[in-house]
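K.L.:
The structure that follows is given in the form of structure tokens.
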Amino acid sequence: MEKLIPAKERLLKSNKKWMDGELRGKILVILCAVIMISVTISITIFLGSKGLQSFIHNGVSLIEFITSKHWNPTNQASPQYGALPFILGSFAVTFAAALVAAPLGIGGAIFMTEIAPSWGKKILQPVIELLVGIPSVVYGFIGLTVLVPFIREHVGGLGFSLLAGTIVLAIMILPTVTTIATDAMSSLPKNLREGSYALGATRWQTIRKVLIPAAMPNLLTAIVLGMARAFGEALAVQMVIGNVRDIPSNILDASATLTTIITLNMGHTTYGSVENNTLWSMGLILLIMSFAFILLIRYLSSRRKM
Amino acid sequence: MKNMKKFGLGMTLSALMVITAACGGGASKDNSAGTDKTPKTAETKELSGSLVVSGSSAMQPLVAAAAEEFMAENPKVDIQVNAGGSGTGLSQVAEGSVQIGNSDVFAEEKEGIPADKLVDHKVAVVGMTAAVNPKVGIKDIKKEDLIKVFTGKITNWKELGGKDQKIVLVNRPDSSGTRAVFNKFALDGATPAEGITEDSSNTVKKIINETDGAIGYLAFSYFTDDSVTPLSIDGVEPTDENVQSGKFPVWAYQHSYTKGEATDLAKEFLDYMMSDDIQNTLLKDQGYLPVTKMKVERDAKGNQKDI
């Protein structure tokens, strides 16, 4: 029944529809790439123009904005726009969270790849994946209901503190750190391990002296990615950190971050007002910081290739 | 097989088109909202059309409940009530992207809003007062002491005859309407000292309840149980009657703003909000005071006079 078509005709025919074959695929993926790139670029341009408004249009001093510690935008006689406490707060919780999450995450990764690759991975992997799926507002609510009273009663202070923010964030970035660290460890060539064992090293010596140094650039990337996420997290942190405008003097003091101040005030301020514009400036700082994190990651991964 | 492939491709392309169309839609939003306002003129009997309301998150439950009843009576009407904060509501109504903008402060008090172009509809009154942790042991406070507490000059409750407990302040964000009202009428304009800052009234209530020595401020509607103690100020109890007679100073209007005089559906809905039905029953259920029963009134500068 099948109709036979001469090879010549068949080959000519296959190019008849432009949607078929190579061209179609090429156009589709180029379209995807163009959409992604233009979204990123337009967000950057939009945030840049909005964020610079307060300095150009409203005459807020950039130096004051990033160095002054007095934030008092609603004082009508002499409003003050110093975002330093929030910038410091953001960095403090981010680094503290990384400090907690990095050893845990890398430890977990080593456990999964070196110590118990079979059953360890079977248990730990789903647990980690589960942590990713919990929405941040739930983390915040658990922090507010469990962590804050616990700190208040057993550690001291009000409970609303850098410490509470740190712990919540550390748990939130743990999956990121663990997953990437696991990939880094398991992608190490097998001959590294075998060579080390052949020289008479124990398992711990192999891990500590051979595997961790070899995977170091990727492990650092894991930590930096986790920090980037921590830096931008708003909701969960806002619920437990206390949102105080002062620079915290110790880890039990309440504090505020750039993201928490933005989420607390954005709805109440009117578009185009100085206060609203300074909130956009804080958003711009967040964007610049995430670019810095990305540059850092690029630098770290380029070092690995050498 | 070939058909399947083509089908898949078509799906992908149409999905992409939907996405790009959705992205491009933002710019034309103002226009569509603008045209919505004008059409229905003749037909007054049966209301239809849609109305978008945005603004104060504190007012959202009240307006949403009223909208629900209004929609039950006028099934062809669709009203959307968004929360987003007073600033958002005022900005959006001023630029014409929503028909009604709710605010818990006067438009004149917000920077960058053309208040002369907006028309104020005061739909409700809310009273608020300082609330303390029940273990603090005081129920009445002098206004000057309250100012001292919030500015950090008094730091222990025993100075006011309460328990020996450190005072913990719970504030609202700088730009919050609740904070503006409390600062103006309870603290006589004094700037409060730093303290824990939370936006949502429920969170503030939870913190006051759980933290020893905590003091914050809440609307009357949140004093439904014993978990926090509302304070009388200068011996005046924070009751609806005292607010209505003007004896209790800390209260605010809940405003619904329209750009220019309210027209068509917006006008019908605002009239409905002011009807006895809503003012006397729904408002009370939601913890607000009817604006129609106020014996005093206040202007944007805070001057109060008898009606």
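Labels used: A, B, ... for chains in the order of the structure tokens, numbers from 1 for residues in each chain, and numbers from 1 for ligands as shown.
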Do you know which residues are at most 10 Å from segment 288-298 of chain A counting only C-alpha atoms, after dropping those on the same chain fewer than 4 positions away, and could you put them as a list in words?

P.N.:
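Counting only the stated atoms, we get Thr44, Gly48, Pro217, Asn218, Leu220, Thr221, Ala222, Ile223, Val224, Leu225, Gly226, Met227, Ala228, Arg229, Phe231, Gly232, Met282, Gly283, Leu284, Ser302 and Arg303 of chain A.
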
K.L.:
Which residues of chain A sit at most 7 Å from chain B, using only C-alpha atoms? Give each one's shortest atom pair and distance in Å (one decimal place), in chain and ascending residue order, as JSON lines.

P.N.:
```
{"residue": "A:Thr74", "atom": "CA", "partner": "B:Asp174", "partner_atom": "CA", "distance": 6.3}
{"residue": "A:Gly242", "atom": "CA", "partner": "B:Ile196", "partner_atom": "CA", "distance": 4.6}
{"residue": "A:Asn243", "atom": "CA", "partner": "B:Thr197", "partner_atom": "CA", "distance": 5.1}
{"residue": "A:Val244", "atom": "CA", "partner": "B:Ile196", "partner_atom": "CA", "distance": 5.5}
{"residue": "A:Arg245", "atom": "CA", "partner": "B:Glu194", "partner_atom": "CA", "distance": 6.7}
{"residue": "A:Leu264", "atom": "CA", "partner": "B:Pro173", "partner_atom": "CA", "distance": 6.2}
{"residue": "A:Asn265", "atom": "CA", "partner": "B:Ser175", "partner_atom": "CA", "distance": 6.0}
{"residue": "A:Gly267", "atom": "CA", "partner": "B:Gly85", "partner_atom": "CA", "distance": 4.1}
{"residue": "A:His268", "atom": "CA", "partner": "B:Gly87", "partner_atom": "CA", "distance": 4.2}
{"residue": "A:Thr269", "atom": "CA", "partner": "B:Gly87", "partner_atom": "CA", "distance": 4.3}
{"residue": "A:Thr270", "atom": "CA", "partner": "B:Gly87", "partner_atom": "CA", "distance": 4.1}
{"residue": "A:Tyr271", "atom": "CA", "partner": "B:Ser91", "partner_atom": "CA", "distance": 5.8}
{"residue": "A:Gly272", "atom": "CA", "partner": "B:Gly112", "partner_atom": "CA", "distance": 6.3}
{"residue": "A:Ser273", "atom": "CA", "partner": "B:Gly112", "partner_atom": "CA", "distance": 5.4}
```

K.L.:
Using atom CA of Leu162 of chain A and atom CA of Ile261 of chain A as the two end points, give the distance in Å to one decimal.

P.N.:
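Rounded to one decimal, the two atoms are 14.9 Å apart.
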
K.L.:
As a PyMOL selection string, which residues of segment 131-231 of chain B does DSSP assign to strand (DSSP E or B)?

P.N.:
chain B and resi 131-132+140-141+156+166+168-171+196-197+214-219+229-230

K.L.:
Write the residues you've just listed into a file as a compact mmCIF listing (two decimals), in the first residue's frame, and include C-alpha atoms for each of them.

P.N.:
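New file again.txt:
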```txt
# COMPACT_ATOMS: atom_id res chain seq x y z
CA ALA B 131 -1.86 47.28 74.80
CA VAL B 132 0.38 45.59 77.36
CA ASP B 140 -4.46 52.87 83.24
CA ILE B 141 -1.66 55.19 82.18
CA ASN B 156 10.81 49.61 83.88
CA LYS B 166 11.83 45.79 81.70
CA VAL B 168 9.76 46.06 75.65
CA LEU B 169 8.41 48.27 72.87
CA VAL B 170 6.59 46.80 69.89
CA ASN B 171 6.39 49.34 67.06
CA ILE B 196 10.73 45.37 67.71
CA THR B 197 8.88 46.37 64.55
CA ALA B 214 5.82 44.23 76.22
CA ILE B 215 3.77 47.22 75.13
CA GLY B 216 2.43 47.99 71.67
CA TYR B 217 -0.69 49.41 70.12
CA LEU B 218 -3.68 47.77 68.51
CA ALA B 219 -7.08 48.62 67.11
CA THR B 229 -4.54 44.24 78.26
CA PRO B 230 -5.79 47.46 76.64
```

K.L.:
Please provide as a list in words all residues within 12 Å of segment 189-201 of chain A, with the sequence filter that same-chain residues fewer than 4 positions apart are discarded (counting only C-alpha atoms).

P.N.:
Thr113, Glu114, Ala184, Met185, Gln205, Thr206, Ile207, Arg208, Lys209, Val210, Leu211, Ile212, Pro213, Ala214 and Ala215 of chain A

K.L.:
Quick one: residues within 10 Å of Ala101 of chain A, only C-alpha atoms counted, chain neighbours fewer than 5 positions away excluded, as a ChimeraX atom specification?

P.N.:
/A:95-96,106-107,166-167,169-178,223,226-227

K.L.:
Would you save the residues of that selection, restricted to C-alpha atoms, as a PDB file, in the first residue's frame?

P.N.:
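Dumped everything to again.pdb:
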```pdb
ATOM      1  CA  PHE A  95      27.561  35.344  56.851  1.00  0.00           C
ATOM      2  CA  ALA A  96      26.355  33.877  60.140  1.00  0.00           C
ATOM      3  CA  ILE A 106      29.528  19.880  53.454  1.00  0.00           C
ATOM      4  CA  GLY A 107      29.497  17.323  56.268  1.00  0.00           C
ATOM      5  CA  THR A 166      20.595  33.140  61.445  1.00  0.00           C
ATOM      6  CA  ILE A 167      19.159  29.780  62.434  1.00  0.00           C
ATOM      7  CA  LEU A 169      18.247  31.201  57.236  1.00  0.00           C
ATOM      8  CA  ALA A 170      20.808  28.474  57.865  1.00  0.00           C
ATOM      9  CA  ILE A 171      18.095  25.824  57.620  1.00  0.00           C
ATOM     10  CA  MET A 172      16.739  27.468  54.489  1.00  0.00           C
ATOM     11  CA  ILE A 173      20.072  27.494  52.646  1.00  0.00           C
ATOM     12  CA  LEU A 174      21.148  24.074  53.882  1.00  0.00           C
ATOM     13  CA  PRO A 175      19.608  22.224  50.906  1.00  0.00           C
ATOM     14  CA  THR A 176      21.364  24.494  48.396  1.00  0.00           C
ATOM     15  CA  VAL A 177      24.727  24.011  50.057  1.00  0.00           C
ATOM     16  CA  THR A 178      24.296  20.262  50.523  1.00  0.00           C
ATOM     17  CA  ILE A 223      28.492  28.248  50.043  1.00  0.00           C
ATOM     18  CA  GLY A 226      23.628  29.611  49.646  1.00  0.00           C
ATOM     19  CA  MET A 227      24.685  33.078  50.787  1.00  0.00           C
TER      20      MET A 227
END
```

K.L.:
When you count only C-alpha atoms, which of these residues is closest to Val53 of chain B: B:Pro114, B:Gly101, B:Gly152, B:Gly246?

P.N.:
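Of B:Pro114, B:Gly101, B:Gly152, B:Gly246, the one nearest Val53 of chain B, counting only C-alpha atoms, is B:Gly101.
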
K.L.:
To one decimal place in Å, what is the distance between atom CA of Asp299 of chain B and atom CA of Leu231 of chain B?

P.N.:
25.8 Å

K.L.:
Which residues, written as a ChimeraX atom specification, have at least one atom at most 12 Å from Asn242 of chain B, with only C-alpha atoms counted and residues fewer than 6 positions away on the same chain left out?

P.N.:
/B:127-128,232-233,235-236,248-251,289,293-296

K.L.:
Can I get the selection written as a PDB file, in the first residue's frame, with C-alpha atoms?

P.N.:
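Result written to again-v9.pdb:
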```pdb
ATOM      1  CA  GLY B 127     -10.205  53.353  67.735  1.00  0.00           C
ATOM      2  CA  MET B 128      -6.835  52.188  68.976  1.00  0.00           C
ATOM      3  CA  SER B 232      -6.996  53.477  79.538  1.00  0.00           C
ATOM      4  CA  ILE B 233      -5.353  56.813  78.853  1.00  0.00           C
ATOM      5  CA  GLY B 235      -8.509  57.447  83.073  1.00  0.00           C
ATOM      6  CA  VAL B 236     -10.575  57.364  79.885  1.00  0.00           C
ATOM      7  CA  PHE B 248     -10.809  59.153  73.841  1.00  0.00           C
ATOM      8  CA  PRO B 249      -8.293  60.773  71.515  1.00  0.00           C
ATOM      9  CA  VAL B 250      -6.682  57.894  69.632  1.00  0.00           C
ATOM     10  CA  TRP B 251      -8.853  57.086  66.633  1.00  0.00           C
ATOM     11  CA  LEU B 289     -17.208  52.221  64.647  1.00  0.00           C
ATOM     12  CA  LYS B 293     -22.603  58.037  64.880  1.00  0.00           C
ATOM     13  CA  MET B 294     -19.524  60.187  65.534  1.00  0.00           C
ATOM     14  CA  LYS B 295     -20.229  63.270  67.602  1.00  0.00           C
ATOM     15  CA  VAL B 296     -16.898  64.827  66.694  1.00  0.00           C
TER      16      VAL B 296
END
```

K.L.:
Quick check, in Å to one decimal: how far apart do atom CA of Glu153 of chain A and atom CA of Asn209 of chain B lie?

P.N.:
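Calculated distance between atom CA of Glu153 of chain A and atom CA of Asn209 of chain B is 14.6 Å.
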
K.L.:
Can you pull out every residue from segment 121-193 of chain B that DSSP, working from the backbone, puts in helix (DSSP H, G or I), and format the result as a ChimeraX atom specification?

P.N.:
/B:134-136,143-150,157-160,177-185

K.L.:
Would you output that residue set with N, CA and C atoms, as a short mmCIF file (atom, residue, chain, number, x, y, z; two decimals), in the first residue's frame?

P.N.:
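Result went into selection-v5.cif, see below:
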```
data_model
loop_
_atom_site.label_atom_id
_atom_site.label_comp_id
_atom_site.auth_asym_id
_atom_site.auth_seq_id
_atom_site.Cartn_x
_atom_site.Cartn_y
_atom_site.Cartn_z
N PRO B 134 -0.46 41.10 79.92
CA PRO B 134 -1.31 41.09 81.11
C PRO B 134 -0.51 41.04 82.42
N LYS B 135 0.70 40.46 82.39
CA LYS B 135 1.48 40.31 83.62
C LYS B 135 2.10 41.62 84.10
N VAL B 136 2.04 42.67 83.25
CA VAL B 136 2.60 43.96 83.64
C VAL B 136 1.84 44.54 84.83
N LYS B 143 -1.11 60.12 79.99
CA LYS B 143 -0.58 60.35 78.65
C LYS B 143 0.91 60.70 78.70
N GLU B 144 1.29 61.53 79.71
CA GLU B 144 2.70 61.92 79.78
C GLU B 144 3.59 60.70 80.08
N ASP B 145 3.05 59.77 80.88
CA ASP B 145 3.82 58.55 81.16
C ASP B 145 3.91 57.68 79.92
N LEU B 146 2.82 57.63 79.17
CA LEU B 146 2.81 56.83 77.95
C LEU B 146 3.88 57.34 76.98
N ILE B 147 3.97 58.68 76.88
CA ILE B 147 4.99 59.28 76.01
C ILE B 147 6.38 58.89 76.52
N LYS B 148 6.55 58.96 77.85
CA LYS B 148 7.85 58.61 78.42
C LYS B 148 8.20 57.14 78.16
N VAL B 149 7.18 56.28 78.24
CA VAL B 149 7.41 54.85 77.97
C VAL B 149 7.87 54.67 76.53
N PHE B 150 7.15 55.28 75.59
CA PHE B 150 7.46 55.05 74.18
C PHE B 150 8.71 55.78 73.71
N TRP B 157 8.56 48.84 84.33
CA TRP B 157 7.16 49.03 84.69
C TRP B 157 6.99 49.41 86.16
N LYS B 158 7.98 49.11 87.04
CA LYS B 158 7.77 49.41 88.45
C LYS B 158 7.73 50.93 88.69
N GLU B 159 8.32 51.70 87.78
CA GLU B 159 8.25 53.16 87.91
C GLU B 159 6.82 53.66 87.77
N LEU B 160 5.97 52.86 87.18
CA LEU B 160 4.57 53.25 86.99
C LEU B 160 3.66 52.43 87.89
N GLY B 177 0.21 53.55 58.78
CA GLY B 177 -0.83 54.49 59.16
C GLY B 177 -1.17 54.37 60.64
N THR B 178 -1.20 53.14 61.15
CA THR B 178 -1.48 52.92 62.56
C THR B 178 -0.45 53.65 63.42
N ARG B 179 0.81 53.55 63.01
CA ARG B 179 1.86 54.22 63.77
C ARG B 179 1.70 55.74 63.71
N ALA B 180 1.35 56.26 62.53
CA ALA B 180 1.18 57.70 62.38
C ALA B 180 0.08 58.20 63.32
N VAL B 181 -1.05 57.47 63.36
CA VAL B 181 -2.17 57.88 64.20
C VAL B 181 -1.79 57.82 65.68
N PHE B 182 -1.14 56.73 66.06
CA PHE B 182 -0.78 56.56 67.47
C PHE B 182 0.21 57.63 67.91
N ASN B 183 1.23 57.89 67.06
CA ASN B 183 2.23 58.90 67.40
C ASN B 183 1.58 60.27 67.55
N LYS B 184 0.62 60.55 66.68
CA LYS B 184 0.05 61.89 66.65
C LYS B 184 -0.88 62.12 67.84
N PHE B 185 -1.75 61.15 68.11
CA PHE B 185 -2.80 61.42 69.09
C PHE B 185 -2.53 60.80 70.46
#
```

K.L.:
Name the residues in contact with Ile66 of chain A at a cut-off of 6 Å, using only C-alpha atoms, excluding same-chain residues fewer than 3 positions from it; report them as a PyMOL selection string.

P.N.:
chain A and resi 63+83-84

K.L.:
Once you have the residues from the selection above, write them out as a PDB file, in the first residue's frame, restricted to N, CA and C atoms.

P.N.:
```pdb
ATOM      1  N   ILE A  63      26.413  58.944  49.911  1.00  0.00           N
ATOM      2  CA  ILE A  63      27.312  58.687  51.041  1.00  0.00           C
ATOM      3  C   ILE A  63      26.503  58.512  52.319  1.00  0.00           C
ATOM      4  N   ALA A  83      21.010  53.882  55.520  1.00  0.00           N
ATOM      5  CA  ALA A  83      20.623  52.474  55.444  1.00  0.00           C
ATOM      6  C   ALA A  83      21.707  51.548  55.982  1.00  0.00           C
ATOM      7  N   LEU A  84      22.752  52.135  56.572  1.00  0.00           N
ATOM      8  CA  LEU A  84      23.860  51.298  57.036  1.00  0.00           C
ATOM      9  C   LEU A  84      23.435  50.161  57.971  1.00  0.00           C
TER      10      LEU A  84
END
```

K.L.:
Which residues come within 9 Å of segment 235-237 of chain A, counting only C-alpha atoms, excluding same-chain residues fewer than 6 positions away, as a ChimeraX atom specification?

P.N.:
/A:136-141,143-144,164-166,168-169,256-257,259-260,263
